[in-house]
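> I'd like to ask some things about the structure below.
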Amino acid sequence: MQFLATIQAFLATLNWRDVLDMAIITLLLYQGMQMVRGTRVLSILSGFAALAALYYLSRTLGLYTLTWLLQHIFSSLFLVLVIIFQKDIRQWLTDMGSRGLWRRQSLNEESVEELVKACVEMAYMRVGALIVLQRAVPLKDMTEREGVKVDARISRRLLLNIFYPKAPLHDGAVVINDWRITSAACILPLAEVHGQNFGTRHRAALGATLESDAVVVVVSEERGEISVALKGELTRNLDATTLRKVLHDAFK
């Protein structure tokens, strides 16, 4: 009974501002949990939790030197978190902004089929390709980095012509917006990849997805392999069916 009385008294003191405040906090916590789920962030936060437990233990036992050291670490905790999670924070902000500030692009079945056929044929012929598909976040800065304006509908023959090794526009990326090829020979930012044997095309694909919500398709001329980069992650060795499914999932 005492517990119920306490709850009733608490509810009686609530007003609309309190409800709004709690709703926003709940939403932010939920979004934060969704963002860090399945990422390295949880492992790093677990390390900070272990440091916090060590700090509490050192204060309890009177370990002054260790306490002093941990106090200085936690005093700069915000700066440390920004440095460690700078790429993740940039990706989170991009994801949050892309959900409401810009128009999402719907799926175009005909264009997807032309793109899939071109990638499969280029992989078979060992022709390298780098194709960036814009979603919600504009890619104007990428298309203006030495890119050549094209503005043509997607077709298998056009993509094969662009990425033909002796063609003048083959060295660089093709950018697709609203299922039209808007630019070719675009220069993408390169991601820093440690412990992975990635070539320039794969590093450029990862770099573009770290700065936007774009989907990037890579065809390797060395291995004849199709890969897709999304949100800083690379999925390799795709066939026509899996590539089609990835594009459907990204634009559905």
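Residue names in the structure tokens use chain letters A, B, ... in the order shown, residue numbers from 1 in each chain, and ligand numbers from 1 in the order shown.
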Name the residues of region 41-251 of chain A that fall into alpha helix (DSSP H) according to DSSP on the backbone, using the chain letters and numbers of this document, as a PyMOL selection string.
chain A and resi 41-61+64-75+77-84+86-98+109-125+140-143+156-162+200-211+240-251
> Which residues are close to region 148-161 of chain A, i.e. within 6 Å by only C-alpha atoms, leaving aside same-chain residues fewer than 3 positions away? Reply as number ranges by chain.
A: 111, 114, 118, 164, 180-184
> Okay, now the selection with C-alpha atoms, as an mmCIF file, in the first residue's frame?

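Result saved to again_8.cif:
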data_model
loop_
_atom_site.group_PDB
_atom_site.id
_atom_site.type_symbol
_atom_site.label_atom_id
_atom_site.label_comp_id
_atom_site.auth_asym_id
_atom_site.auth_seq_id
_atom_site.Cartn_x
_atom_site.Cartn_y
_atom_site.Cartn_z
ATOM 1 C CA SER A 111 17.635 0.484 -62.842
ATOM 2 C CA GLU A 114 20.663 -2.846 -65.248
ATOM 3 C CA ALA A 118 26.614 -4.474 -65.455
ATOM 4 C CA TYR A 164 36.237 0.225 -69.797
ATOM 5 C CA ARG A 180 20.293 8.485 -62.912
ATOM 6 C CA ILE A 181 24.040 8.588 -63.458
ATOM 7 C CA THR A 182 24.781 12.168 -62.467
ATOM 8 C CA SER A 183 28.604 12.171 -62.497
ATOM 9 C CA ALA A 184 31.620 10.048 -63.399
#
> Looking at A:Val174, A:Leu79, A:Ile162, A:Leu130, which one is nearest to Thr200 (chain A), with distances taken over only C-alpha atoms?
A:Leu130
> Can you tell me which residues surround region 234-241 of chain A at a distance of at most 8 Å, considering only C-alpha atoms, apart from same-chain residues fewer than 4 positions away, and format the answer as number ranges by chain?
A: 116-117, 120, 206, 225-230, 245
> Given the choices A:Cys186, A:Ala191, A:Leu133, A:Ala208, which gets closest to Leu169 (chain A) if the distance is worked out from only C-alpha atoms?
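Under the stated criterion, the closest residue is A:Cys186.
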> With a distance cut-off of 12 Å and only C-alpha atoms, select the neighbouring residues of Val215 (chain A), excluding the residue or stretch itself and same-chain residues fewer than 3 positions from it, and output the selection as a ChimeraX atom specification.
/A:105,130-137,139,174-177,204-212,218,227-235,243,246-251
> Under the rule that only C-alpha atoms are counted, which of A:Asp178, A:Gly128, A:Ala173, A:Arg244 is the nearest residue to Gly199 (chain A)?
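Answer, going by the shortest atom-to-atom distance: A:Gly128.
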> Suppose you want the space between CA of Glu146 (chain A) and CA of Ala185 (chain A); what is it in Å?
7.1 Å
> Quick one: residues within 10 Å of Met125 (chain A), only C-alpha atoms counted, chain neighbours fewer than 4 positions away excluded, as a PyMOL selection string?
chain A and resi 119-121+221+224
> Would you mind writing down, as JSON, numbers by chain, each residue of region 78-245 of chain A that DSSP on the backbone assigns to strand (DSSP E)?
{"A": [129, 130, 131, 132, 133, 148, 149, 150, 151, 152, 153, 173, 174, 175, 176, 177, 180, 181, 182, 183, 184, 185, 186, 215, 216, 217, 218, 219, 226, 227, 228, 229, 230, 233, 234, 235, 236, 237, 238]}
